[in-house]
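Colleague: This is the structure I want to talk about, given as structure tokens.
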Amino acid sequence: MQWNIPSLEELEHYIWRCTACGTCRVAYDFGPPATCGEICPSGSEFGFEGYMASKGKIAFARGILDGTLDLADPEFLEAIYKCTICAGCQSQCQLDHKPYIPEIFEAMRRKAVESGVGPLPLQKNLLQSMKSYNNPYQGPRRLRTDWTRPFKKAKKPIKNLNKEPAEIMFFVGCTGAFNKQAQGIPQATASIFQKLGLDFGILGESEVCCGSTAMRVGDAEEFKRVAEHNLNLFRQMADEKGVKTIITSCAGCYRAIKKDYCLSADYDKLMDGIEVIHTADYLHRLWQEGKLPLQNAVEGTFTYHDPCHTGRHLNKFIIDEDGSELWPGAYLELSEEDCLYDQPRELLAAIPGVEVVEMKRVRANSYCCGGGGGVMTGFGDWATKNAGKRISEGVEAGASDMVSICPFCHYNLNAGAKSIGSAMKLYDLTELIDRALPEK
Amino acid sequence: MTAEAAKQLDPILEELRSIVGESNASAAKHIRYAYSYDMSFVDPKMPDYVVMATEVEQIQEIMRFANQEKIPVVPYTAGTNIGGLCIPERGGILLDLKRMNKIIDIDPLDGVAVIEPGVSHAKLADALFPLGLRFGWPVGPPSASVSSCAISHGIGGLNARYGLQSQEITSMEVVLPTGELVRVGSCAIQKDAWHSTLPMPKLDGLFKGWLGTTGVVTKLGVNVHPAPPLLKIFTVSCETVEDMYSYMLNLSNYEICDDITAVSWWLSQVPIPYPYKPKPDDAAEWNSYATTFSWTEKERDARQEIWEKVVAEEQAKGTSVQVTHYPEEALRGRTQLPSQVVGSTKNYCKQGGAGISWPGTFTPAKKWAPVYTRWKDILIGRNLSPSVRMSMYRGVHYGMLRAMIPFNKQSKEETENARQAIIECLRVDLDEGGIPYKPPVDFAKEINKRADQGYLMLLKRVKEMLDPNDIMNPGKLGI
């Protein structure tokens, strides 16, 4: 399968579009009222300019390309992994390299992996696990369906797509399946689907990691291995089992399938007739059609945390490819039509008893939980500390609890709350919707 | 490695770490590299160490140590200047102040904000807005430092009313190159009084316009002003720089505007065309915006009446002034400050690629037209856009004259072409009586060539008094 995953050298032109102006360093909105806040978890934690937003990391990229900086230097190698790839800096940038900012960061990591020095040791364990178990959690395949036990016990089995046809494939994702603290998310999702009477199934033990984590830490080969498997499987499931829609409650899986898989030359052919949608978006659609009866009250004051992977990572950048408006390759504007900013908020607000308050940094300026980009694996303490900052922001906003739509954010923000002694809890939106839906 | 072994390996680094903590001092190449360049044409140079201070006492200790060991120290806040001001000429310690970013106090009654050097314009704007206060935001990135802009005589959106940012400074706390902590202005007499540098001797001049060569400003008082709710923007165009000068001169006499600025067609484009392209025949060469804020509609209408009178007078003189629409994105960017659009971002740099620098000057308004005419020849001759701005300052007929010059920094030839053009432009302006601000070293040399010998002698004497071992940002003054 042909893939269009650029090397650092292929991105050099864009690297030189960065002026080092530093606009990327601050989440700023003129308003009125004017608002600003820190946007870069890495810059916030480590401070030195090289860690600061895209300005700093592009300095690293320049240093690699001009031969000044050597990825074999362990301290430098660690530095290029001290980034959550949250794209908060990308939201601020106004220049032509804007669409490529996360790609430039990941291209540095790919170069490190290709040259045999990257990723970091703990991340190598994760990649080895993917090779051995097809998931990054060192979880044997048989444990992948542990989360379904309550359904079996309640005699509400979930279809296995390998055995039965279904129109909807619920792509569970490794975090929801293997991380016990996040297992409530697939359970709530499946419960909702059953309450709504949807025709859905799962891949069960044969589900294979989406590859998001491998891509984020720079192992393009491992990403391609699982992505090719999944793309072919999706086609097969569509052809043989009648799958028309792939729904996932995992922001990382959603980003990978929706965006990273598009780098395959065969994407359009293999995904023809298959819609990929996040659970929140799907439920929002049903809600708009009057098919999501949110009847039970869920009392509480909640604030919504925008995951990077369902928010700004889904920006569509309009680029002047042929130079007809400005010049070839000029960044023109962005479209947020794919970003899931409004859908989860509207659903949350529609739940009886729920009061919604907003944090200061939201939507495109949302402050990353700190868990992405391999950071939770490579720098667990920092990831938790950063999540604690985000929890504090929720508390300052007057919320009792926080809601999101990403198992990674779910796990990390709960850990962050615990680390700062906060009683705030992070709920997945599906958990609240499941409570609000009456039994069938 | 033991602490003793580490100290023997790099005793300077270990000393710095003992002052600011292990994680706040580094000699790693990748850390230093990120401080080696900025947007300008100035050649990259790395510091030997980078240190992040969080407390004034740490800065004092660093300065005492550096002074004792005669190690250069380069103060740094956001690095957003376009003159290579924070690029170390002689290596040494780069003192990163971004973590000293507290807004210590905002006193609406005194109209003063007291800030640390790492406070950005975005942060101060965020804090002032709920209080109904404002400041003269410049057209730099929102992340740029308020303090660095002010002590470097930066400009802002209230120039025509209140003057330069440096004229808004009310008091200072400074660590001298020898480590002593001093205060100037009212806070020197009563520690909580930050209201004014007057009526005492204006010792704040020892630290303003010196390009970080005389001390590290650790606290700064600046005036902040009530924000009237009603904004009116007067926009006109002219065919010639002479006609635009005439209009601006006339309008400035009435002192009704916060900002009176004109930009050439090339600068009104977002982005500035790079390389040069001719302006369309049907486009005016100059566009002007003048902002005026009012408390009531009646006041706004009165201001409008005055402006209409000025336009009528200029038209009666036979000038080409026309009431017109200013290009929308540029106008929004220049009047909704701080802005992510103007400044060193989309407006200036987007087409050039990585590089931006300038001849940025304070020049008598009567010289704007002849200087612009020469600049235009020089810049177009080098295939660069004559993207020039003229702004009137408070109640007088002089102001900022500058050309923002983007260039492709990936190309050494194109970078050098821009540098040569900028230096040529600077020479023209200096010979007409203009003075560059935030000047790179190349400019300083040109300034000093023309300077009165007594001035240079005094400059050196003051510098030696404050910095006997010449450790503070050495080489930047060209003396």
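Labels for the structure tokens follow display order: chains A, B, ..., residues from 1 in each chain, ligands from 1.
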Produce a table with one row for each residue of chain B that has an atom at most 6 Å from any atom of chain A, each row naming the nearest atom pair and its distance in Å at one decimal; use only C-alpha atoms; arrange rows by chain and rising residue number; format as a Markdown table.
Modeller:
| residue | atom | partner | partner_atom | distance |
| --- | --- | --- | --- | --- |
| B:Ile31 | CA | A:Gly50 | CA | 5.9 |
| B:Ala34 | CA | A:Gly50 | CA | 5.2 |
| B:Met39 | CA | A:Thr19 | CA | 5.4 |
| B:Thr80 | CA | A:Cys21 | CA | 5.6 |
| B:Ala122 | CA | A:Cys36 | CA | 5.8 |
| B:Lys123 | CA | A:Cys36 | CA | 5.8 |
| B:Asp126 | CA | A:Thr35 | CA | 4.8 |
| B:Pro141 | CA | A:Thr23 | CA | 5.2 |
| B:Ser143 | CA | A:Val26 | CA | 5.9 |
| B:Ser344 | CA | A:Cys21 | CA | 5.9 |
| B:Lys346 | CA | A:Gln94 | CA | 5.5 |
| B:Lys350 | CA | A:Leu95 | CA | 5.4 |
| B:Gly353 | CA | A:Arg17 | CA | 4.5 |
| B:Ala354 | CA | A:Thr19 | CA | 3.8 |
Colleague: Export N, CA and C atoms of the chosen residues as an mmCIF file, in the first residue's frame?
Modeller:
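The resulting part-v9.cif:
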data_model
loop_
_atom_site.group_PDB
_atom_site.id
_atom_site.type_symbol
_atom_site.label_atom_id
_atom_site.label_comp_id
_atom_site.auth_asym_id
_atom_site.auth_seq_id
_atom_site.Cartn_x
_atom_site.Cartn_y
_atom_site.Cartn_z
ATOM 1 N N ILE B 31 19.266 23.356 23.547
ATOM 2 C CA ILE B 31 18.634 24.453 24.294
ATOM 3 C C ILE B 31 19.202 25.785 23.815
ATOM 4 N N ALA B 34 18.072 27.180 20.122
ATOM 5 C CA ALA B 34 16.775 27.850 19.929
ATOM 6 C C ALA B 34 16.836 29.345 20.249
ATOM 7 N N MET B 39 14.015 36.723 13.832
ATOM 8 C CA MET B 39 13.445 36.932 12.507
ATOM 9 C C MET B 39 14.359 37.736 11.591
ATOM 10 N N THR B 80 10.982 38.624 20.373
ATOM 11 C CA THR B 80 10.173 38.968 19.202
ATOM 12 C C THR B 80 10.634 40.234 18.499
ATOM 13 N N ALA B 122 -0.704 40.093 25.460
ATOM 14 C CA ALA B 122 -1.961 39.336 25.557
ATOM 15 C C ALA B 122 -2.392 39.196 27.017
ATOM 16 N N LYS B 123 -1.447 38.930 27.879
ATOM 17 C CA LYS B 123 -1.790 38.739 29.293
ATOM 18 C C LYS B 123 -2.267 40.042 29.920
ATOM 19 N N ASP B 126 -5.753 40.863 28.673
ATOM 20 C CA ASP B 126 -6.718 40.002 29.353
ATOM 21 C C ASP B 126 -7.057 40.571 30.738
ATOM 22 N N PRO B 141 3.508 40.397 17.917
ATOM 23 C CA PRO B 141 2.742 39.223 18.334
ATOM 24 C C PRO B 141 2.164 39.424 19.733
ATOM 25 N N SER B 143 2.268 37.594 22.117
ATOM 26 C CA SER B 143 3.172 37.017 23.118
ATOM 27 C C SER B 143 4.351 37.917 23.439
ATOM 28 N N SER B 344 4.643 40.855 13.263
ATOM 29 C CA SER B 344 5.634 39.962 12.658
ATOM 30 C C SER B 344 5.011 38.657 12.222
ATOM 31 N N LYS B 346 1.327 37.394 9.878
ATOM 32 C CA LYS B 346 0.766 37.242 8.544
ATOM 33 C C LYS B 346 1.006 38.458 7.650
ATOM 34 N N LYS B 350 4.381 36.594 5.848
ATOM 35 C CA LYS B 350 3.835 35.374 5.261
ATOM 36 C C LYS B 350 4.425 35.030 3.899
ATOM 37 N N GLY B 353 8.988 34.494 3.929
ATOM 38 C CA GLY B 353 9.512 33.224 4.393
ATOM 39 C C GLY B 353 10.610 33.397 5.415
ATOM 40 N N ALA B 354 10.207 33.362 6.679
ATOM 41 C CA ALA B 354 11.111 33.320 7.836
ATOM 42 C C ALA B 354 11.779 34.648 8.178
#
Colleague: For region 128-133 of chain A, find every residue with an atom within 12 Å (counting only C-alpha atoms), except residues of its own chain fewer than 4 positions away, and show them as number ranges by chain.
Modeller: A: 119, 121-124, 137-144, 174, 178, 205-215, 219, 221-226
Colleague: Can you list, as a ChimeraX atom specification, all residues belonging to region 384-422 of chain A that DSSP tags as strand (DSSP E or B)?
Modeller: /A:401-404
Colleague: Just N, CA and C atoms for this one: save the residues we selected as a PDB file, in the first residue's frame.
Modeller:
ATOM      1  N   ASP A 401     -17.684  18.705  38.097  1.00  0.00           N
ATOM      2  CA  ASP A 401     -17.077  17.604  37.357  1.00  0.00           C
ATOM      3  C   ASP A 401     -16.829  18.021  35.907  1.00  0.00           C
ATOM      4  N   MET A 402     -16.012  17.219  35.246  1.00  0.00           N
ATOM      5  CA  MET A 402     -15.611  17.538  33.876  1.00  0.00           C
ATOM      6  C   MET A 402     -16.066  16.413  32.944  1.00  0.00           C
ATOM      7  N   VAL A 403     -16.328  16.784  31.709  1.00  0.00           N
ATOM      8  CA  VAL A 403     -16.794  15.811  30.727  1.00  0.00           C
ATOM      9  C   VAL A 403     -15.920  15.891  29.497  1.00  0.00           C
ATOM     10  N   SER A 404     -15.651  14.738  28.894  1.00  0.00           N
ATOM     11  CA  SER A 404     -14.903  14.745  27.647  1.00  0.00           C
ATOM     12  C   SER A 404     -15.332  13.564  26.788  1.00  0.00           C
TER      13      SER A 404
END
Colleague: For the alpha helix (DSSP H) assignment from backbone DSSP, which residues of region 133-168 of chain A qualify? Please present them as a list in words.
Modeller: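 So, restricting region 133-168 of chain A to alpha helix (DSSP H), we get Tyr133, Arg149, Pro150, Phe151, Lys152 and Lys153 of chain A.
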Colleague: Need the shell around Ala53 (chain B): protein/DNA/RNA residues with any atom at most 9 Å away, counting only C-alpha atoms. Skip same-chain ones fewer than 5 positions apart. Format as a list in words?
Modeller: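 Result of the neighbour search: Ile19, Val20, Asn24, Ala25, Gln58, Ile59, Ile62, Leu95, Asp96, Leu97, Lys98, Arg99 and Met100 of chain B.
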Colleague: What is the CA of Thr310 (chain A)-CA of Tyr261 (chain A) distance in Å, reported with one decimal?
Modeller: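 So the two atoms, CA of Thr310 (chain A) and CA of Tyr261 (chain A), lie 15.3 Å apart.
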Colleague: Residues near Ala144 (chain B), anyone? I mean within 8 Å using only C-alpha atoms, not counting same-chain ones fewer than 3 positions away, as a list in words.
Modeller: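 Listing them by chain and then by number gives Gly22 of chain A; Thr77, Ala78, Gly79, Thr80, Ser120, His121, Gly140, Pro141 and Cys149 of chain B.
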Colleague: Measuring atom to atom with only C-alpha atoms, identify which of B:Pro201, B:Val139, B:Arg64, B:Leu426 is nearest to Val371 (chain B).
Modeller: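 Ranking B:Pro201, B:Val139, B:Arg64, B:Leu426 by distance to Val371 (chain B), first place goes to B:Leu426.
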Colleague: What lies within 12 Å of Asp470 (chain B) using only C-alpha atoms, ignoring chain neighbours under 2 positions off, as an mmCIF file with N, CA and C atoms, in the first residue's frame?
Modeller:
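Written output follows (selection_31.cif):
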data_model
loop_
_atom_site.group_PDB
_atom_site.id
_atom_site.type_symbol
_atom_site.label_atom_id
_atom_site.label_comp_id
_atom_site.auth_asym_id
_atom_site.auth_seq_id
_atom_site.Cartn_x
_atom_site.Cartn_y
_atom_site.Cartn_z
ATOM 1 N N MET B 63 24.018 38.019 38.224
ATOM 2 C CA MET B 63 24.795 39.182 37.779
ATOM 3 C C MET B 63 26.086 39.320 38.584
ATOM 4 N N ALA B 66 28.358 36.630 37.182
ATOM 5 C CA ALA B 66 28.817 36.944 35.822
ATOM 6 C C ALA B 66 29.801 38.115 35.838
ATOM 7 N N ASN B 67 29.521 39.073 36.689
ATOM 8 C CA ASN B 67 30.412 40.239 36.765
ATOM 9 C C ASN B 67 31.780 39.843 37.310
ATOM 10 N N GLN B 68 31.728 38.988 38.292
ATOM 11 C CA GLN B 68 32.993 38.523 38.881
ATOM 12 C C GLN B 68 33.804 37.735 37.844
ATOM 13 N N GLU B 69 33.100 36.901 37.082
ATOM 14 C CA GLU B 69 33.800 36.057 36.103
ATOM 15 C C GLU B 69 33.900 36.712 34.724
ATOM 16 N N LYS B 70 33.348 37.917 34.610
ATOM 17 C CA LYS B 70 33.362 38.658 33.335
ATOM 18 C C LYS B 70 32.727 37.831 32.186
ATOM 19 N N ILE B 71 31.566 37.282 32.495
ATOM 20 C CA ILE B 71 30.826 36.504 31.494
ATOM 21 C C ILE B 71 29.686 37.371 30.958
ATOM 22 N N PRO B 72 29.545 37.493 29.640
ATOM 23 C CA PRO B 72 28.422 38.283 29.105
ATOM 24 C C PRO B 72 27.068 37.731 29.527
ATOM 25 N N VAL B 73 26.121 38.634 29.699
ATOM 26 C CA VAL B 73 24.734 38.262 30.024
ATOM 27 C C VAL B 73 23.796 38.965 29.041
ATOM 28 N N VAL B 74 22.938 38.188 28.419
ATOM 29 C CA VAL B 74 21.971 38.748 27.455
ATOM 30 C C VAL B 74 20.569 38.567 28.023
ATOM 31 N N ARG B 90 28.737 37.867 21.913
ATOM 32 C CA ARG B 90 29.949 37.245 22.464
ATOM 33 C C ARG B 90 29.621 36.057 23.367
ATOM 34 N N GLY B 92 28.219 33.744 26.183
ATOM 35 C CA GLY B 92 27.852 34.046 27.566
ATOM 36 C C GLY B 92 26.547 33.422 27.993
ATOM 37 N N LEU B 176 21.388 45.858 38.507
ATOM 38 C CA LEU B 176 22.528 46.393 37.760
ATOM 39 C C LEU B 176 23.461 45.259 37.336
ATOM 40 N N PRO B 177 24.309 45.517 36.350
ATOM 41 C CA PRO B 177 25.259 44.487 35.916
ATOM 42 C C PRO B 177 26.163 44.003 37.045
ATOM 43 N N THR B 178 26.312 44.801 38.063
ATOM 44 C CA THR B 178 27.139 44.413 39.201
ATOM 45 C C THR B 178 26.317 43.736 40.314
ATOM 46 N N GLY B 212 19.250 46.694 26.573
ATOM 47 C CA GLY B 212 19.602 45.688 27.593
ATOM 48 C C GLY B 212 21.076 45.675 27.934
ATOM 49 N N THR B 213 21.742 46.793 27.787
ATOM 50 C CA THR B 213 23.184 46.822 28.051
ATOM 51 C C THR B 213 23.530 47.487 29.373
ATOM 52 N N THR B 214 22.521 47.915 30.131
ATOM 53 C CA THR B 214 22.843 48.615 31.378
ATOM 54 C C THR B 214 22.215 47.973 32.617
ATOM 55 N N GLY B 215 21.378 46.981 32.436
ATOM 56 C CA GLY B 215 20.771 46.348 33.596
ATOM 57 C C GLY B 215 19.605 45.473 33.189
ATOM 58 N N LYS B 460 29.711 56.159 26.602
ATOM 59 C CA LYS B 460 30.715 55.203 27.112
ATOM 60 C C LYS B 460 30.895 55.365 28.614
ATOM 61 N N ARG B 461 30.906 56.608 29.056
ATOM 62 C CA ARG B 461 31.159 56.855 30.481
ATOM 63 C C ARG B 461 30.016 56.299 31.345
ATOM 64 N N VAL B 462 28.801 56.506 30.878
ATOM 65 C CA VAL B 462 27.644 55.978 31.620
ATOM 66 C C VAL B 462 27.659 54.452 31.603
ATOM 67 N N LYS B 463 27.955 53.919 30.439
ATOM 68 C CA LYS B 463 28.010 52.448 30.312
ATOM 69 C C LYS B 463 29.083 51.883 31.253
ATOM 70 N N GLU B 464 30.253 52.518 31.290
ATOM 71 C CA GLU B 464 31.334 52.023 32.159
ATOM 72 C C GLU B 464 30.974 52.148 33.641
ATOM 73 N N MET B 465 30.239 53.214 33.949
ATOM 74 C CA MET B 465 29.831 53.401 35.347
ATOM 75 C C MET B 465 28.894 52.266 35.792
ATOM 76 N N LEU B 466 27.947 51.935 34.919
ATOM 77 C CA LEU B 466 26.967 50.923 35.289
ATOM 78 C C LEU B 466 27.491 49.499 35.087
ATOM 79 N N ASP B 467 28.332 49.342 34.105
ATOM 80 C CA ASP B 467 28.744 47.994 33.698
ATOM 81 C C ASP B 467 30.258 47.987 33.479
ATOM 82 N N PRO B 468 31.015 48.050 34.565
ATOM 83 C CA PRO B 468 32.466 48.251 34.440
ATOM 84 C C PRO B 468 33.174 47.148 33.663
ATOM 85 N N MET B 472 26.989 43.293 30.074
ATOM 86 C CA MET B 472 25.570 43.301 29.715
ATOM 87 C C MET B 472 25.386 43.448 28.205
ATOM 88 N N ASN B 473 24.886 42.387 27.605
ATOM 89 C CA ASN B 473 24.587 42.355 26.164
ATOM 90 C C ASN B 473 25.679 43.065 25.365
ATOM 91 N N PRO B 474 26.924 42.681 25.545
ATOM 92 C CA PRO B 474 28.041 43.433 24.959
ATOM 93 C C PRO B 474 28.010 43.433 23.433
ATOM 94 N N GLY B 475 28.463 44.552 22.880
ATOM 95 C CA GLY B 475 28.577 44.673 21.426
ATOM 96 C C GLY B 475 27.384 45.307 20.758
ATOM 97 N N LYS B 476 26.271 45.451 21.491
ATOM 98 C CA LYS B 476 25.050 45.921 20.822
ATOM 99 C C LYS B 476 25.059 47.421 20.530
ATOM 100 N N LEU B 477 25.826 48.175 21.289
ATOM 101 C CA LEU B 477 25.814 49.628 21.093
ATOM 102 C C LEU B 477 26.799 50.085 20.025
ATOM 103 N N ILE B 479 29.885 50.555 20.305
ATOM 104 C CA ILE B 479 30.930 51.459 20.809
ATOM 105 C C ILE B 479 32.062 50.647 21.448
#
Colleague: Any idea what's packed within 12 Å of Tyr267 (chain A), counting only C-alpha atoms, ignoring anything in its chain fewer than 5 positions away? Could you give it as a list in words?
Modeller: Met1, Gln2, Trp3, Asn4, Ala227, Glu228, Asn230, Leu231, Asn232, Phe234, Arg235, Ile257, Lys258, Lys259, Asp260, Tyr261, Cys262, Asp272, Gly273 and Ile274 of chain A
Colleague: Output C-alpha atoms for every residue in the selection just made, as an mmCIF file, in the first residue's frame.
Modeller:
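New file selection_33.cif:
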data_model
loop_
_atom_site.group_PDB
_atom_site.id
_atom_site.type_symbol
_atom_site.label_atom_id
_atom_site.label_comp_id
_atom_site.auth_asym_id
_atom_site.auth_seq_id
_atom_site.Cartn_x
_atom_site.Cartn_y
_atom_site.Cartn_z
ATOM 1 C CA MET A 1 0.000 0.000 0.000
ATOM 2 C CA GLN A 2 1.391 3.410 -0.922
ATOM 3 C CA TRP A 3 1.539 6.025 1.833
ATOM 4 C CA ASN A 4 2.194 9.736 1.675
ATOM 5 C CA ALA A 227 -3.476 0.691 9.414
ATOM 6 C CA GLU A 228 -3.220 -1.510 6.335
ATOM 7 C CA ASN A 230 -7.549 -2.264 9.482
ATOM 8 C CA LEU A 231 -8.287 -0.663 6.148
ATOM 9 C CA ASN A 232 -8.477 -4.058 4.476
ATOM 10 C CA PHE A 234 -12.982 -2.458 7.106
ATOM 11 C CA ARG A 235 -13.440 -3.180 3.406
ATOM 12 C CA ILE A 257 -8.952 6.503 11.014
ATOM 13 C CA LYS A 258 -10.370 9.827 9.903
ATOM 14 C CA LYS A 259 -7.112 11.637 9.215
ATOM 15 C CA ASP A 260 -3.990 9.451 9.369
ATOM 16 C CA TYR A 261 -5.491 6.680 7.268
ATOM 17 C CA CYS A 262 -6.185 9.240 4.551
ATOM 18 C CA ASP A 272 -15.866 3.653 -0.252
ATOM 19 C CA GLY A 273 -19.355 3.560 1.218
ATOM 20 C CA ILE A 274 -18.140 3.444 4.832
#
Colleague: In Å, how far is it from CA of Cys308 (chain A) to CA of Cys368 (chain A)?
Modeller: 6.5 Å
Colleague: I'd like the contact shell of Tyr367 (chain A) - 8 Å cut-off, only C-alpha atoms, skipping same-chain residues fewer than 6 positions apart - returned as a PyMOL selection string.
Modeller: chain A and resi 38-41+88+361+390
Colleague: Keeping only C-alpha atoms, write the selected residues as a tab-separated table (two decimals), in the first residue's frame.
Modeller:
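Listed below is the output, selection-v1.tsv:
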chain	number	residue	atom	x	y	z
A	38	GLU	CA	-0.87	29.25	28.17
A	39	ILE	CA	-1.36	26.86	25.27
A	40	CYS	CA	1.79	24.75	25.21
A	41	PRO	CA	2.08	22.06	27.91
A	88	GLY	CA	-2.48	24.19	20.36
A	361	ARG	CA	-9.51	27.87	27.26
A	390	ARG	CA	-6.54	21.47	33.51
Colleague: For CA of Lys269 (chain A) and CA of Leu11 (chain A), quote the distance in Å rounded to one decimal.
Modeller: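 CA of Lys269 (chain A) sits 27.1 Å away from CA of Leu11 (chain A).
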Colleague: Under the rule that only C-alpha atoms are counted, which of B:Gly83, B:Pro370, B:Pro75, B:Pro226 is the nearest residue to Phe129 (chain B)?
Modeller: B:Pro226
